[in-house]
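See below for entry_9.cif, which holds mmCIF, C-alpha atoms.
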data_my_file
loop_
_atom_site.label_atom_id
_atom_site.label_comp_id
_atom_site.auth_asym_id
_atom_site.auth_seq_id
_atom_site.Cartn_x
_atom_site.Cartn_y
_atom_site.Cartn_z
CA MET A 167 -77.63 67.58 129.90
CA SER A 168 -81.32 67.21 129.33
CA THR A 169 -81.96 64.25 131.51
CA PRO A 170 -85.60 64.21 132.52
CA SER A 171 -86.11 64.88 136.16
CA VAL A 172 -87.35 61.71 137.71
CA PRO A 173 -87.26 61.02 141.42
CA PRO A 174 -84.50 58.56 142.24
CA ALA A 175 -85.45 54.94 142.61
CA PRO A 176 -84.85 54.07 146.20
CA GLU A 177 -82.97 50.84 145.37
CA ALA A 178 -80.40 52.52 143.03
CA PRO A 179 -76.95 52.25 144.64
CA VAL A 180 -74.96 55.44 145.31
CA VAL A 181 -71.92 55.29 143.05
CA GLY A 182 -68.69 56.91 144.21
CA TRP A 183 -66.80 59.64 142.37
CA TRP A 184 -63.82 57.36 141.59
CA ARG A 185 -66.05 54.77 139.99
CA ARG A 186 -67.98 57.28 137.93
CA ASN A 187 -64.79 58.84 136.58
CA ARG A 188 -62.82 55.63 136.18
CA TRP A 189 -62.36 55.91 132.41
CA ALA A 190 -61.30 59.52 132.68
CA LEU A 191 -58.85 58.54 135.38
CA VAL A 192 -57.44 55.74 133.23
CA THR A 193 -56.94 58.07 130.24
CA LEU A 194 -55.45 60.88 132.32
CA PRO A 195 -51.89 59.46 132.55
CA VAL A 196 -52.00 58.62 128.85
CA ALA A 197 -53.09 62.15 128.02
CA LEU A 198 -50.35 63.58 130.22
CA ALA A 199 -47.72 61.41 128.53
CA LEU A 200 -48.99 62.44 125.09
CA ALA A 201 -48.95 66.11 126.09
CA LEU A 202 -45.32 65.81 127.22
CA VAL A 203 -44.28 64.03 124.02
CA ALA A 204 -46.13 66.54 121.86
CA SER A 205 -44.58 69.54 123.57
CA GLY A 206 -41.12 67.97 123.69
CA ASP A 207 -40.54 67.54 119.96
CA ARG A 208 -37.82 70.19 120.03
CA VAL A 209 -35.79 68.34 122.63
CA ARG A 210 -34.45 66.16 119.86
CA THR A 211 -33.61 68.84 117.30
CA LEU A 212 -32.52 71.64 119.62
CA TRP A 213 -30.72 69.64 122.28
CA TRP A 214 -30.13 65.94 121.65
CA GLU A 215 -28.80 66.39 118.12
CA GLN A 216 -26.65 69.39 119.05
CA ASP A 217 -23.84 67.53 120.76
CA LEU A 218 -21.89 64.26 120.67
CA ARG A 219 -23.98 61.93 122.81
CA ARG A 220 -24.00 58.39 121.39
CA PRO A 221 -20.45 57.04 121.19
CA THR A 222 -19.34 53.88 119.43
CA THR A 223 -16.35 53.23 121.66
CA VAL A 224 -13.30 51.47 120.27
CA ALA A 225 -10.71 50.24 122.77
CA ALA A 226 -7.06 51.12 122.17
CA GLY A 227 -5.66 49.08 119.29
CA GLY A 228 -9.09 47.91 118.12
CA THR A 229 -10.96 48.53 114.91
CA GLY A 230 -14.29 50.32 115.12
CA ASP A 231 -17.32 49.42 113.05
CA PHE A 232 -19.45 52.51 112.60
CA HIS A 233 -22.92 52.61 111.09
CA GLN A 234 -25.21 55.56 110.84
CA ARG A 235 -27.85 56.91 108.49
CA VAL A 236 -27.19 60.60 107.98
CA TYR A 237 -29.54 63.18 106.49
CA ASP A 238 -28.53 64.02 102.92
CA GLY A 239 -30.17 67.46 102.93
CA LEU A 240 -32.66 66.42 100.25
CA GLY A 241 -35.15 64.78 102.55
CA GLY A 242 -33.52 61.36 102.46
CA THR A 243 -30.72 59.64 104.27
CA LEU A 244 -27.36 58.19 103.32
CA PRO A 245 -25.69 55.22 104.99
CA ILE A 246 -22.32 55.64 106.65
CA ASP A 247 -20.66 52.26 106.91
CA VAL A 248 -17.03 52.45 107.82
CA GLN A 249 -14.32 50.60 109.72
CA VAL A 250 -11.79 52.78 111.49
CA HIS A 251 -8.52 51.90 113.17
CA LEU A 252 -6.42 54.39 115.12
CA ASP A 253 -2.80 53.83 114.10
CA GLY A 254 -1.39 56.41 116.46
CA VAL A 255 -1.45 59.87 118.01
CA ASP A 256 1.93 61.56 118.29
CA ASP A 257 3.66 64.89 118.12
CA ALA A 258 3.78 65.83 114.45
CA THR A 259 7.29 65.35 113.12
CA THR A 260 6.66 67.47 110.04
CA LEU A 261 4.15 70.29 110.05
CA PRO A 262 1.75 70.84 107.14
CA ASP A 263 3.13 73.25 104.56
CA GLN A 264 3.39 76.81 105.95
CA MET A 265 1.84 75.99 109.30
CA GLU A 266 3.09 78.28 112.06
CA LEU A 267 2.18 77.20 115.55
CA PRO A 268 1.01 79.91 117.93
CA ASP A 269 2.98 80.27 121.17
CA GLY A 270 2.08 77.71 123.79
CA THR A 271 0.71 75.14 121.35
CA ARG A 272 1.89 71.93 119.77
CA ALA A 273 0.87 69.94 116.71
CA VAL A 274 -0.52 66.44 117.18
CA GLN A 275 -0.63 64.03 114.28
CA VAL A 276 -3.55 61.60 114.13
CA ASP A 277 -3.03 58.53 111.93
CA LEU A 278 -6.12 56.57 110.93
CA THR A 279 -6.74 53.61 108.67
CA LEU A 280 -10.26 53.38 107.29
CA SER A 281 -12.17 50.89 105.15
CA ALA A 282 -15.43 51.46 103.34
CA ASN A 283 -17.23 50.65 100.13
CA PRO A 284 -15.62 52.86 97.40
CA ASP A 285 -19.12 53.91 96.26
CA SER A 286 -20.25 55.17 99.64
CA VAL A 287 -20.42 58.88 100.43
CA LEU A 288 -18.14 59.81 103.33
CA SER A 289 -17.87 63.58 102.91
CA GLY A 290 -18.88 65.73 105.84
CA CYS A 291 -16.86 64.03 108.55
CA VAL A 292 -15.33 65.97 111.43
CA LEU A 293 -12.20 64.90 113.29
CA ALA A 294 -11.23 66.01 116.79
CA VAL A 295 -9.16 64.92 119.76
CA ARG A 296 -10.12 65.09 123.43
CA ASP A 297 -8.15 65.18 126.65
CA ALA A 298 -8.93 63.42 129.93
CA THR A 299 -11.21 66.27 131.06
CA GLY A 300 -13.32 65.91 127.92
CA THR A 301 -12.19 69.17 126.32
CA ARG A 302 -12.45 68.81 122.56
CA TYR A 303 -9.93 70.19 120.05
CA ASP A 304 -11.10 70.13 116.44
CA TYR A 305 -9.13 69.48 113.30
CA VAL A 306 -9.20 72.71 111.28
CA SER A 307 -8.33 72.45 107.61
CA ASN A 308 -7.61 76.13 107.01
CA ALA A 309 -5.82 77.66 109.99
CA TRP A 310 -2.45 78.76 111.35
CA GLY A 311 -1.23 79.48 107.84
CA ALA A 312 -1.73 75.96 106.50
CA PHE A 313 -4.23 74.35 104.16
CA GLN A 314 -4.87 70.72 105.02
CA ALA A 315 -7.45 68.35 103.54
CA VAL A 316 -10.98 69.77 103.81
CA ILE A 317 -12.47 66.32 104.50
CA PRO A 318 -10.23 64.74 107.14
CA CYS A 319 -11.40 61.13 106.78
CA VAL A 320 -10.84 60.44 103.06
CA PRO A 321 -7.76 60.58 100.78
CA GLU A 322 -7.28 64.05 99.33
CA ASP A 323 -6.78 62.93 95.71
CA THR A 324 -9.37 60.14 95.70
CA PRO A 325 -12.13 61.30 98.07
CA GLY A 326 -14.81 59.10 96.52
CA PRO A 327 -18.34 60.21 95.68
CA ARG A 328 -19.98 63.23 97.26
CA ALA A 329 -23.56 63.62 98.36
CA SER A 330 -25.93 64.13 95.43
CA LEU A 331 -26.83 67.68 94.42
CA GLY A 332 -29.57 66.59 92.04
CA ASP A 333 -29.27 67.70 88.42
CA LEU A 334 -25.87 69.26 89.07
CA ASP A 335 -24.25 65.87 89.61
CA GLU A 336 -23.55 65.32 85.91
CA LYS A 337 -21.86 68.69 85.49
CA LEU A 338 -19.83 68.35 88.65
CA SER A 339 -18.70 64.76 88.29
CA ASP A 340 -15.17 64.28 87.09
CA PRO A 341 -14.73 60.97 85.27
CA GLU A 342 -10.97 61.35 85.55
CA THR A 343 -11.00 60.93 89.32
CA ALA A 344 -9.92 57.48 90.40
CA PRO A 345 -12.23 55.65 92.78
CA ARG A 346 -11.43 55.65 96.46
CA PRO A 347 -9.51 52.53 97.53
CA ALA A 348 -11.30 50.02 99.72
CA THR A 349 -8.83 50.68 102.53
CA TRP A 350 -6.78 53.81 103.01
CA SER A 351 -4.81 55.74 105.60
CA VAL A 352 -4.98 59.39 106.52
CA SER A 353 -2.68 61.52 108.62
CA ARG A 354 -4.03 64.81 109.97
CA VAL A 355 -2.54 67.47 112.21
CA VAL A 356 -4.52 68.99 115.08
CA VAL A 357 -3.22 72.00 117.02
CA VAL A 358 -3.66 71.78 120.79
CA PRO A 359 -2.32 73.69 123.81
CA GLU A 360 1.17 72.52 124.77
CA GLU A 361 0.19 70.76 128.00
CA THR A 362 -2.72 68.80 126.47
CA GLU A 363 -2.58 65.00 126.77
CA VAL A 364 -4.72 63.45 124.06
CA THR A 365 -6.70 60.48 125.42
CA GLU A 366 -9.37 60.07 122.73
CA VAL A 367 -9.81 60.65 119.04
CA VAL A 368 -13.38 61.35 117.93
CA LEU A 369 -14.82 61.23 114.45
CA TRP A 370 -18.38 62.01 113.43
CA TRP A 371 -20.62 62.72 110.49
CA GLN A 372 -23.81 63.93 112.13
CA LYS A 373 -24.42 64.40 115.82
CA PRO A 374 -25.37 62.83 118.19
CA GLN A 375 -23.62 59.61 117.06
CA TYR A 376 -19.83 59.48 116.96
CA LEU A 377 -16.89 57.15 116.88
CA LEU A 378 -14.69 57.30 119.97
CA LEU A 379 -11.22 55.83 119.51
CA GLU A 380 -9.25 55.42 122.72
CA VAL A 381 -5.58 56.34 122.54
CA PRO A 382 -3.19 53.65 123.87
CA GLY A 383 -1.99 54.85 127.26
CA MET B 240 -75.73 66.31 146.70
CA SER B 241 -75.16 63.54 144.16
CA VAL B 242 -78.36 61.96 143.04
CA PRO B 243 -78.33 58.61 141.24
CA ASP B 244 -79.78 58.70 137.75
CA PRO B 245 -82.67 56.34 137.27
CA THR B 246 -82.82 56.79 133.48
CA ALA B 247 -80.01 54.33 132.82
CA PRO B 248 -81.39 51.10 134.06
CA VAL B 249 -78.97 48.73 132.22
CA VAL B 250 -75.81 50.32 133.55
CA PRO B 251 -77.26 51.62 136.74
CA ALA B 252 -76.42 54.98 138.18
CA THR B 253 -73.27 56.00 136.27
CA ARG B 254 -74.47 59.57 135.74
CA VAL B 255 -75.27 62.24 138.24
CA ARG B 256 -77.85 64.91 137.76
CA ARG B 257 -76.92 68.34 138.98
CA SER B 258 -79.18 71.26 139.62
CA ARG B 259 -78.92 74.35 137.46
CA GLY B 260 -77.51 76.29 140.38
CA GLN B 261 -74.73 73.75 140.79
CA THR B 262 -73.78 73.93 137.12
CA VAL B 263 -73.67 77.72 137.16
CA GLY B 264 -71.68 77.62 140.39
CA ALA B 265 -69.15 75.20 138.92
CA ALA B 266 -68.75 77.35 135.81
CA ALA B 267 -68.24 80.43 137.96
CA ALA B 268 -65.65 78.57 140.02
CA VAL B 269 -63.72 77.57 136.87
CA LEU B 270 -63.78 81.15 135.58
CA ALA B 271 -62.66 82.43 138.97
CA ALA B 272 -59.78 79.95 139.02
CA LEU B 273 -58.69 81.09 135.55
CA ALA B 274 -58.88 84.73 136.62
CA VAL B 275 -56.85 84.06 139.77
CA GLY B 276 -54.31 82.12 137.72
CA HIS B 277 -53.95 85.00 135.31
CA VAL B 278 -53.45 87.44 138.16
CA VAL B 279 -50.79 85.20 139.75
CA VAL B 280 -48.92 84.73 136.46
CA SER B 281 -48.97 88.40 135.50
CA ALA B 282 -48.40 89.82 138.98
CA PHE B 283 -44.84 88.49 139.04
CA PRO B 284 -42.93 89.39 135.87
CA VAL B 285 -40.74 86.29 135.95
CA ASP B 286 -40.62 85.62 132.19
CA ASP B 287 -37.84 88.15 131.68
CA ARG B 288 -35.92 86.93 134.67
CA VAL B 289 -36.19 83.26 133.75
CA SER B 290 -34.75 83.84 130.28
CA ALA B 291 -32.35 86.63 131.23
CA PRO B 292 -28.66 86.08 130.51
CA PHE B 293 -26.27 85.60 133.41
CA VAL B 294 -24.45 88.91 133.26
CA ARG B 295 -20.80 88.66 134.40
CA PRO B 296 -19.49 92.15 135.13
CA THR B 297 -15.84 93.00 134.64
CA VAL B 298 -13.58 95.93 133.83
CA VAL B 299 -10.84 96.57 131.30
CA GLY B 300 -7.78 94.40 131.95
CA GLU B 301 -9.58 91.98 134.23
CA THR B 302 -10.32 88.44 133.04
CA VAL B 303 -13.91 87.23 133.38
CA GLU B 304 -14.80 83.53 133.52
CA LEU B 305 -17.72 82.61 131.29
CA ARG B 306 -19.28 79.20 130.78
CA TYR B 307 -17.68 78.92 127.36
CA ALA B 308 -14.52 81.03 127.59
CA ARG B 309 -12.22 83.31 129.59
CA LEU B 310 -12.42 86.84 128.27
CA THR B 311 -10.17 89.86 128.80
CA ALA B 312 -10.75 93.30 127.31
CA GLY B 313 -7.84 95.63 126.58
CA GLU B 314 -7.75 99.42 126.66
CA PRO B 315 -10.42 100.92 124.42
CA THR B 316 -9.44 103.55 121.92
CA GLY B 317 -11.30 105.70 119.45
CA SER B 318 -11.10 108.08 116.55
CA THR B 319 -13.29 109.52 113.82
CA VAL B 320 -11.44 107.35 111.30
CA VAL B 321 -11.04 103.59 111.44
CA SER B 322 -8.82 101.38 109.34
CA PRO B 323 -10.42 97.94 108.93
CA VAL B 324 -8.43 95.09 107.42
CA ALA B 325 -10.77 94.24 104.60
CA SER B 326 -11.78 97.68 103.38
CA SER B 327 -10.59 101.22 102.92
CA LEU B 328 -10.67 103.82 105.68
CA LEU B 329 -14.06 104.62 107.18
CA SER B 330 -14.80 108.00 108.72
CA THR B 331 -17.72 109.05 110.86
CA PRO B 332 -19.29 112.21 112.27
CA GLY B 333 -19.37 110.26 115.55
CA VAL B 334 -16.61 108.07 116.94
CA PHE B 335 -15.34 104.62 116.03
CA LEU B 336 -14.63 102.88 119.32
CA THR B 337 -12.34 99.84 119.22
CA VAL B 338 -11.76 97.37 122.04
CA PRO B 339 -9.17 94.58 121.75
CA LEU B 340 -10.31 91.28 123.28
CA THR B 341 -8.47 88.14 124.30
CA ILE B 342 -10.65 85.03 124.20
CA VAL B 343 -9.59 81.66 125.59
CA ALA B 344 -12.30 79.14 124.72
CA SER B 345 -13.04 76.29 127.11
CA GLY B 346 -14.60 72.85 126.69
CA GLN B 347 -14.77 72.79 122.92
CA PRO B 348 -14.08 75.12 119.99
CA ARG B 349 -16.25 78.20 120.43
CA LEU B 350 -17.53 80.73 117.92
CA ILE B 351 -18.04 83.83 120.06
CA SER B 352 -20.10 86.11 117.90
CA PHE B 353 -22.28 88.44 119.96
CA ALA B 354 -21.26 91.98 120.83
CA GLU B 355 -23.22 95.10 121.69
CA LEU B 356 -22.43 98.41 123.32
CA LEU B 357 -24.62 99.77 126.09
CA GLY B 358 -23.99 103.47 125.65
CA GLY B 359 -23.70 105.88 128.56
CA ASP B 360 -26.64 107.68 126.95
CA GLY B 361 -28.93 104.72 127.68
CA ARG B 362 -29.04 103.48 124.11
CA THR B 363 -27.93 100.07 122.88
CA TYR B 364 -25.62 100.03 119.87
CA THR B 365 -25.60 96.71 118.03
CA VAL B 366 -22.49 95.40 116.34
CA PHE B 367 -23.64 93.69 113.19
CA THR B 368 -21.07 92.44 110.78
CA SER B 369 -22.76 93.70 107.64
CA GLY B 370 -22.66 97.28 108.89
CA ARG B 371 -19.77 99.58 109.71
CA SER B 372 -19.29 98.11 113.17
CA SER B 373 -17.66 94.70 113.39
CA PHE B 374 -16.72 91.81 115.64
CA LEU B 375 -15.45 88.66 113.96
CA ALA B 376 -13.60 86.47 116.43
CA GLY B 377 -14.03 83.24 114.48
CA THR B 378 -13.99 79.78 116.05
CA ALA B 379 -11.34 79.58 118.75
CA GLN B 380 -9.61 76.31 119.72
CA PRO B 381 -9.84 75.71 123.50
CA GLY B 382 -6.78 76.87 125.40
CA VAL B 383 -5.32 78.77 122.44
CA PRO B 384 -5.79 82.51 123.00
CA ARG B 385 -7.68 84.24 120.23
CA TYR B 386 -7.12 87.96 119.72
CA ALA B 387 -9.96 89.89 118.10
CA THR B 388 -11.08 93.51 118.07
CA VAL B 389 -14.56 94.95 118.41
CA SER B 390 -15.19 98.11 116.42
CA VAL B 391 -18.40 100.05 116.92
CA GLU B 392 -19.58 103.37 115.49
CA VAL B 393 -21.31 105.53 118.11
CA PRO B 394 -22.15 109.17 118.77
CA PRO B 395 -19.65 110.75 121.19
CA GLU B 396 -22.26 111.26 123.91
CA ALA B 397 -22.70 107.45 124.17
CA LEU B 398 -19.09 106.93 125.17
CA PRO B 399 -18.75 108.09 128.81
CA GLY B 400 -19.86 105.20 131.02
CA ALA B 401 -20.32 102.78 128.12
CA HIS B 402 -20.36 99.02 128.72
CA LEU B 403 -19.42 96.40 126.15
CA ARG B 404 -21.35 93.13 126.22
CA ILE B 405 -19.89 89.96 124.71
CA GLY B 406 -21.74 86.65 124.35
CA LEU B 407 -21.54 83.33 122.57
CA ASN B 408 -24.59 83.23 120.33
CA GLN B 409 -25.29 86.19 118.12
CA GLU B 410 -28.98 85.33 117.82
CA ASP B 411 -29.81 84.33 121.36
CA GLN B 412 -28.20 85.32 124.66
CA ARG B 413 -30.97 83.97 126.91
CA ALA B 414 -30.02 81.91 129.92
CA ASP B 415 -26.33 81.92 129.08
CA ASP B 416 -23.31 83.80 130.36
CA LEU B 417 -22.85 87.31 129.03
CA ALA B 418 -19.77 89.41 129.80
CA ASP B 419 -20.47 93.02 130.72
CA ILE B 420 -17.28 95.08 130.49
CA ASP B 421 -17.18 98.54 132.02
CA LEU B 422 -14.91 100.30 129.55
CA GLY B 423 -14.08 103.13 131.97
CA ILE B 424 -14.39 105.80 129.28
CA THR B 425 -14.52 109.40 130.51
CA GLN B 426 -15.94 112.54 128.93
CA ALA B 427 -12.35 113.68 128.29
CA ASP B 428 -11.66 110.46 126.30
CA ALA B 429 -14.82 110.97 124.28
CA ASP B 430 -13.94 114.59 123.47
CA ALA B 431 -10.39 113.68 122.49
CA TRP B 432 -11.51 110.84 120.20
CA ALA B 433 -14.23 112.94 118.59
CA ALA B 434 -11.57 115.50 117.64
CA ASP B 435 -9.02 112.94 116.40
CA ASP B 436 -8.74 111.82 112.79
CA THR B 437 -5.76 109.46 113.13
CA PRO B 438 -6.95 106.11 111.71
CA VAL B 439 -7.42 103.49 114.41
CA PRO B 440 -6.46 100.02 113.15
CA VAL B 441 -8.79 97.03 113.49
CA PRO B 442 -6.40 94.09 113.14
CA PRO B 443 -7.80 90.79 111.84
CA ARG B 444 -8.48 88.00 114.32
CA SER B 445 -5.36 86.04 115.14
CA ASP B 446 -3.88 83.47 117.49
CA GLU B 447 -0.75 85.59 117.75
CA PRO B 448 -0.81 88.51 120.20
CA PRO B 449 -1.09 91.85 118.38
CA GLU B 450 2.06 93.93 118.20
CA GLN B 451 2.30 96.47 120.98
CA PRO B 452 2.33 100.02 119.58
#
Would you give me this structure, written as structure tokens?
Amino acid sequence: MSTPSVPPAPEAPVVGWWRRNRWALVTLPVALALALVASGDRVRTLWWEQDLRRPTTVAAGGTGDFHQRVYDGLGGTLPIDVQVHLDGVDDATTLPDQMELPDGTRAVQVDLTLSANPDSVLSGCVLAVRDATGTRYDYVSNAWGAFQAVIPCVPEDTPGPRASLGDLDEKLSDPETAPRPATWSVSRVVVVPEETEVTEVVLWWQKPQYLLLEVPG
Amino acid sequence: MSVPDPTAPVVPATRVRRSRGQTVGAAAAVLAALAVGHVVVSAFPVDDRVSAPFVRPTVVGETVELRYARLTAGEPTGSTVVSPVASSLLSTPGVFLTVPLTIVASGQPRLISFAELLGGDGRTYTVFTSGRSSFLAGTAQPGVPRYATVSVEVPPEALPGAHLRIGLNQEDQRADDLADIDLGITQADADAWAADDTPVPVPPRSDEPPEQP
């Protein structure tokens, strides 16, 4: 500050602190908001995207329309565009081959009918059921002695395309595999504690979005 | 002592001229505030306490409630030879300590993966799965008891008074529940195990209770 020292003109008005700093005061809330946003970038990756938070709820008997763009692991995204109908949740009448239930558990069979474009990638889905308290029980493909489908939401013999692995795609693709039908049904077995009452079926590709299918009461 | 600035006649008196003494005084005040702030922050060592895990103490045979599971430790046993599922016998100049655990996950499937032994000698013995010690409980379905065994290789002098700590996240136990199990091991146990070469089995994780010997 090299303002020359001149005696004040007697008629100059005395300006208050608030008026002198008005622009700083106006920018202060903006700066605070920016500081919070800038320091909160991990809230999304380390918290928001770590759990199921954005349901697409489907009432009992209804068909859910689910859309999401999921990260493909190569810096891009893939569209998930699928219609899902919950056909039923019941005690499994036949267990998957070689499954032995631990004491105090029962097997619940989840029947779903799905529709999607046969060219769309649907691998990477996770299926689970929840009870009234919100406790989640996951579908596990390799457990309790049984091997069930690895991808619970597509037909085992015609799973459709998988996410691109770049140059490997040509070597990995099997021209013999029939395309996935436009509409198909799957039936998966989830092991839950004996006393569990399943009230919801949940299906997701990438958190935080998920499809919540209510079980008819 | 704000003095209007006459050098800005168009926008009158938006700047204030301060004396040199005032400027130096203000700078000193800012520095003093920073120094006081540093003293306040460093005088109370709260960083460790803010991020510390919530330690839930328990003893062998007593179930402890954690945020993510109910956990019960069985009787510890030890020997100089251990018989893991996936490899041949391992022997040690120290002792292989094994502790059977029963884990009942709550809320959602849980992968309980952290274990460490706080030895009675004041040292911490990590249980890392690539070494000779092991703890692989896998992901447990809520409400379905999971049986898994911790095996840790330690010198005999670490055994009396040792505590086993079990947590959810192998990488990060901060600000989460952490079970602290007093294993109740005596010097006599340690001596007996250090002199024993009967292989101690480490059964694989299972949802079926292990057979009682």
Running the PyMOL selection byres ((chain A) within 6 of (chain B)) on this model by hand, what would come out? Give it as number ranges by chain. A: 174, 186, 268, 301-302, 359
So what does the PyMOL selection byres ((chain A and resi 250-261) around 9) actually pick up in this one, as an MDAnalysis selection string? chainID A and resid 224 226:232 248:249 262:266 272:281 312 351 355:356 364 367 377 379:382
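Of the listed residues B:Val299, B:Leu417, B:Ala267, B:Leu328, the one whose atoms come nearest to Thr341 (chain B) is B:Val299, with distances taken using all atoms listed in the file.
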Leaving out region 307-314 of chain B and any residue of its chain fewer than 3 positions from it, which residues lie within 8 Å of it when counting all atoms listed in the file, given as a VMD selection string? chain B and resid 298 to 304 338 to 346 349 407 418 420 422
Got a sec: who's within 10 Å of Asp416 (chain B), counting only C-alpha atoms, leaving out chain neighbours fewer than 3 positions off, as a ChimeraX atom specification? /B:291-295,304-308,405-407,412-413,419
With distances taken over all atoms listed in the file, the candidate from B:Leu336, B:Ala429, B:Leu273, B:Ala268 nearest Ser372 (chain B) is B:Leu336
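When the PyMOL selection byres ((chain B and resi 337) around 6) is evaluated on the file shown here, the picked residues come out as Pro315, Thr316, Gly317, Leu336, Val338, Val389 and Ser390 of chain B.
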Taking only C-alpha atoms into account, which of B:Pro284, B:Gly333, B:Gly370, B:Pro296 comes nearest Val393 (chain B)? B:Gly333
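Among the candidate residues A:Asp340, A:Arg296, A:Leu267, A:Trp370, the one lying nearest to Pro318 (chain A) is A:Trp370, with distances computed using only C-alpha atoms.
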Could you jot down the CA of Arg444 (chain B) to CA of Val366 (chain B) separation for me, Å, one decimal place? 16.0 Å
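Shortest separation to Asp238 (chain A) among A:Ala329, A:Ala348, A:Leu218, A:Val358 occurs at residue A:Ala329, atoms counted being all atoms listed in the file.
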For the atom pair CA of Val334 (chain B) and CA of Glu392 (chain B), what is the interatomic distance in Å to one decimal place? 5.7 Å
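Across the structure, CA of Pro323 (chain B) and CA of Gly423 (chain B) are spaced 23.9 Å apart.
Residues surrounding Pro325 (chain A) within 8 Å are Ser289, Val320, Pro345 and Arg346 of chain A [only C-alpha atoms; sequence separation below 5 positions excluded].
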